[in-house]
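Q: Can you keep this structure in mind? I'll have questions shortly.
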Amino acid sequence: MSNLKKIVYLIVVLCFSSAIAGSYDDFFRALRSDDARTLEALFARGFDPNTVDPQGRSPLSLAFHYEAYEAARALVRQPDFRFDEPNAAGETPLMLAALRGQWELARALLVRGARLDRPGWTPLHYAAAGPEPRVVQLLIGHGAALDARAPNGNTPLMMAARYGSEASAWMLLHAGADPRLRNDDGLTAADFARSVERVKLARELERRAGESDNVSESR
């Protein structure tokens with residue numbers, strides 16, 4: 001009888017292990033194919049939405065890599081999803097959403113309580129370098145620090161002036177971002193704009209910087 005119990009136990013363990021392995025494979029397959037329905041079914045059965053792949057990459061990082069935005073939304077909706085946990089590169093879910101211009105995902109993360117500001121690179125830096133001015137506006141509206149400094153001294157305005165949408169740069173400027181600031185290489189946002197031949201923007205940044213200097217001197 002004892003041997004029979006052991007055999008039954010081993011069968012149960014093997015079946016359970018096989019089910020876990022199958023769910024694991026199904027999870028990452030669903031991420032790659034942007035299959036939100038399969039993900040929701042896995043979560044309903046108790047699968048952890050924070051499960052990393054064999055290389056340690058977070059599921060949201062993978063979803064963005066595959067441009068699987070329905071899958072990303074399914075992840076963010078899960079109560080147990082760690083919505084503020086950075087990946088191996090130190091990027092939070094909000095930063096990734098901001099860089100990809102995913103306004104709806106960024107808003108959902110903010111509703112859940114994602115941090116706007118953090119030491120070093122911030123979500124606003126990433127949004128400014130991204131393609132979607134609406135995400136920049138969203139973060140500004142929630143009170144993101146306009147002149148946050150990256151480890152190299154870059155500000156969101158500098159990132160927008162060279163890498164992101166030009167509309168984002170104008171938006172940051174009108175919101176009060178300081179065009180006088182210089183990064184660790186001594187460059188201003190105007191220098192960033194000129195490096196990609198955004199001449200009109202560069203001139204306005206220089207004009208605003210000059211006005212700010214005059215106001216400071218008159219005080």
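Chains: A, B, ... in order of the structure tokens. Residues: from 1 per chain. Ligands: from 1, in order shown.
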With a distance cut-off of 10 Å and only C-alpha atoms, select the neighbouring residues of region 71-73 of chain A, excluding the residue or stretch itself and same-chain residues fewer than 5 positions from it, and output the selection as a short mmCIF file (atom, residue, chain, number, x, y, z; two decimals) with C-alpha atoms, in the first residue's frame.
A:
data_model
loop_
_atom_site.label_atom_id
_atom_site.label_comp_id
_atom_site.auth_asym_id
_atom_site.auth_seq_id
_atom_site.Cartn_x
_atom_site.Cartn_y
_atom_site.Cartn_z
CA ALA A 30 1.47 34.61 -25.73
CA LEU A 31 3.74 37.58 -25.07
CA ARG A 32 5.50 37.11 -28.41
CA SER A 33 2.24 36.83 -30.32
CA ASP A 34 0.44 39.62 -28.43
CA ASP A 35 -2.20 37.12 -27.28
CA ALA A 36 -3.92 38.91 -24.41
CA ARG A 37 -6.71 36.31 -24.19
CA THR A 38 -4.28 33.49 -23.42
CA LEU A 39 -2.51 35.65 -20.86
CA GLU A 40 -5.79 36.45 -19.12
CA PRO A 59 7.50 40.26 -19.15
CA LEU A 60 6.69 43.91 -19.79
CA SER A 61 10.15 44.51 -21.28
CA LEU A 62 9.52 41.57 -23.59
CA ALA A 63 6.05 42.84 -24.51
CA PHE A 64 7.51 46.18 -25.54
CA TYR A 66 7.76 42.51 -29.44
CA GLN A 78 -3.24 42.33 -13.06
CA PRO A 93 7.25 50.09 -16.66
CA ALA A 97 5.59 53.02 -21.85
CA GLU A 104 -2.95 54.55 -22.54
CA LEU A 105 -0.45 52.30 -20.78
CA ALA A 108 -2.95 53.13 -16.49
CA LEU A 109 0.38 52.90 -14.69
#
Q: At a cut-off of 7 Å, can you tabulate as a tab-separated table every residue of region 124-158 of chain A near region 179-184 of chain A together with its closest atom pair and the distance in Å to one decimal, using only C-alpha atoms and ordering rows by chain then number?
A:
residue	atom	partner	partner_atom	distance
A:Asn152	CA	A:Asp184	CA	5.6
A:Gly153	CA	A:Asn183	CA	4.1
A:Asn154	CA	A:Asn183	CA	5.1
Q: For the helix (DSSP H, G or I) assignment from backbone DSSP, which residues of region 79-193 of chain A qualify? Please present them as a ChimeraX atom specification.
A: /A:93-99,103-112,123-129,133-141,156-162,166-175,189-193
Q: Skip region 41-45 of chain A itself and residues of its chain fewer than 3 positions away, then list as a list in words all residues within 12 Å of it, counting only C-alpha atoms.
A: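 Selected residues are Ala19, Ile20, Gly22, Ser23, Tyr24, Asp25, Asp26, Phe27, Phe28, Arg29, Ala30, Leu31, Asp35, Ala36, Arg37, Thr38, Asp48, Pro49, Asn50, Thr51, Ala74, Leu75, Val76, Arg77, Gln78, Pro79, Asp80 and Phe81 of chain A.
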Q: Selected residues, N, CA and C atoms, written as an mmCIF file, in the first residue's frame, please.
A:
data_model
loop_
_atom_site.group_PDB
_atom_site.id
_atom_site.type_symbol
_atom_site.label_atom_id
_atom_site.label_comp_id
_atom_site.auth_asym_id
_atom_site.auth_seq_id
_atom_site.Cartn_x
_atom_site.Cartn_y
_atom_site.Cartn_z
ATOM 1 N N ALA A 19 2.488 20.693 -15.979
ATOM 2 C CA ALA A 19 1.515 21.784 -16.155
ATOM 3 C C ALA A 19 2.180 23.132 -15.994
ATOM 4 N N ILE A 20 3.077 23.234 -14.981
ATOM 5 C CA ILE A 20 3.793 24.496 -14.754
ATOM 6 C C ILE A 20 4.669 24.830 -15.956
ATOM 7 N N GLY A 22 4.294 23.812 -18.987
ATOM 8 C CA GLY A 22 3.435 24.177 -20.106
ATOM 9 C C GLY A 22 2.930 25.598 -20.003
ATOM 10 N N SER A 23 2.533 25.999 -18.800
ATOM 11 C CA SER A 23 2.055 27.364 -18.575
ATOM 12 C C SER A 23 3.162 28.373 -18.833
ATOM 13 N N TYR A 24 4.369 28.031 -18.409
ATOM 14 C CA TYR A 24 5.530 28.904 -18.618
ATOM 15 C C TYR A 24 5.752 29.140 -20.106
ATOM 16 N N ASP A 25 5.751 28.063 -20.870
ATOM 17 C CA ASP A 25 5.934 28.186 -22.322
ATOM 18 C C ASP A 25 4.781 28.958 -22.961
ATOM 19 N N ASP A 26 3.564 28.660 -22.512
ATOM 20 C CA ASP A 26 2.388 29.350 -23.046
ATOM 21 C C ASP A 26 2.464 30.849 -22.765
ATOM 22 N N PHE A 27 2.966 31.201 -21.596
ATOM 23 C CA PHE A 27 3.059 32.610 -21.187
ATOM 24 C C PHE A 27 3.947 33.394 -22.147
ATOM 25 N N PHE A 28 5.135 32.889 -22.398
ATOM 26 C CA PHE A 28 6.068 33.629 -23.245
ATOM 27 C C PHE A 28 5.686 33.548 -24.727
ATOM 28 N N ARG A 29 5.020 32.481 -25.088
ATOM 29 C CA ARG A 29 4.493 32.395 -26.457
ATOM 30 C C ARG A 29 3.396 33.444 -26.658
ATOM 31 N N ALA A 30 2.546 33.615 -25.654
ATOM 32 C CA ALA A 30 1.470 34.606 -25.731
ATOM 33 C C ALA A 30 2.027 36.022 -25.762
ATOM 34 N N LEU A 31 3.108 36.263 -25.029
ATOM 35 C CA LEU A 31 3.744 37.581 -25.074
ATOM 36 C C LEU A 31 4.257 37.884 -26.483
ATOM 37 N N ASP A 35 -0.965 37.870 -27.535
ATOM 38 C CA ASP A 35 -2.200 37.119 -27.285
ATOM 39 C C ASP A 35 -2.698 37.408 -25.868
ATOM 40 N N ALA A 36 -3.437 38.501 -25.725
ATOM 41 C CA ALA A 36 -3.921 38.912 -24.408
ATOM 42 C C ALA A 36 -4.910 37.899 -23.827
ATOM 43 N N ARG A 37 -5.699 37.256 -24.676
ATOM 44 C CA ARG A 37 -6.711 36.306 -24.190
ATOM 45 C C ARG A 37 -6.050 35.120 -23.480
ATOM 46 N N THR A 38 -4.994 34.600 -24.065
ATOM 47 C CA THR A 38 -4.282 33.486 -23.416
ATOM 48 C C THR A 38 -3.649 33.936 -22.106
ATOM 49 N N ASP A 48 1.821 33.759 -12.348
ATOM 50 C CA ASP A 48 2.407 35.016 -11.861
ATOM 51 C C ASP A 48 2.741 35.939 -13.032
ATOM 52 N N PRO A 49 2.133 37.137 -13.108
ATOM 53 C CA PRO A 49 2.407 38.052 -14.223
ATOM 54 C C PRO A 49 3.790 38.685 -14.164
ATOM 55 N N ASN A 50 4.544 38.415 -13.102
ATOM 56 C CA ASN A 50 5.890 38.977 -12.962
ATOM 57 C C ASN A 50 6.979 37.974 -13.326
ATOM 58 N N THR A 51 6.596 36.842 -13.879
ATOM 59 C CA THR A 51 7.552 35.788 -14.219
ATOM 60 C C THR A 51 8.549 36.272 -15.273
ATOM 61 N N ALA A 74 -2.669 43.715 -20.732
ATOM 62 C CA ALA A 74 -3.138 42.592 -19.906
ATOM 63 C C ALA A 74 -2.270 42.437 -18.662
ATOM 64 N N LEU A 75 -0.974 42.623 -18.808
ATOM 65 C CA LEU A 75 -0.061 42.554 -17.658
ATOM 66 C C LEU A 75 -0.368 43.643 -16.642
ATOM 67 N N VAL A 76 -0.494 44.865 -17.131
ATOM 68 C CA VAL A 76 -0.683 46.014 -16.240
ATOM 69 C C VAL A 76 -1.997 45.930 -15.473
ATOM 70 N N ARG A 77 -2.987 45.270 -16.043
ATOM 71 C CA ARG A 77 -4.288 45.147 -15.378
ATOM 72 C C ARG A 77 -4.264 44.179 -14.191
ATOM 73 N N GLN A 78 -3.252 43.342 -14.110
ATOM 74 C CA GLN A 78 -3.242 42.325 -13.055
ATOM 75 C C GLN A 78 -2.933 42.930 -11.686
ATOM 76 N N PRO A 79 -3.749 42.622 -10.678
ATOM 77 C CA PRO A 79 -3.539 43.193 -9.338
ATOM 78 C C PRO A 79 -2.155 42.905 -8.775
ATOM 79 N N ASP A 80 -1.584 41.733 -9.126
ATOM 80 C CA ASP A 80 -0.279 41.348 -8.576
ATOM 81 C C ASP A 80 0.896 41.848 -9.407
ATOM 82 N N PHE A 81 0.624 42.511 -10.512
ATOM 83 C CA PHE A 81 1.710 42.999 -11.362
ATOM 84 C C PHE A 81 2.507 44.066 -10.621
#
Q: Here is a test: counting only C-alpha atoms, which residue of A:His174, A:Arg107, A:Arg207, A:Arg134 is nearest to Leu157 (chain A)?
A: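 Of all the options, A:His174 lies closest to Leu157 (chain A).
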Q: Considering only C-alpha atoms, return as a PyMOL selection string whatever protein or nucleic-acid residues lie within 9 Å of Ala145 (chain A), sequence-local ones (same chain, fewer than 2 positions apart) excluded.
A: chain A and resi 116-117+122+124+139-140+143+147-148+177
Q: Give me the residues within 12 Å of region 194-202 of chain A as number ranges by chain, counting only C-alpha atoms and dropping any in the same chain fewer than 6 places off.
A: A: 157-173, 179-180, 187-188, 208-209
Q: Which is closest to Thr155 (chain A) among A:Leu138, A:Ala127, A:Val52, A:Met95, if we use only C-alpha atoms?
A: A:Ala127
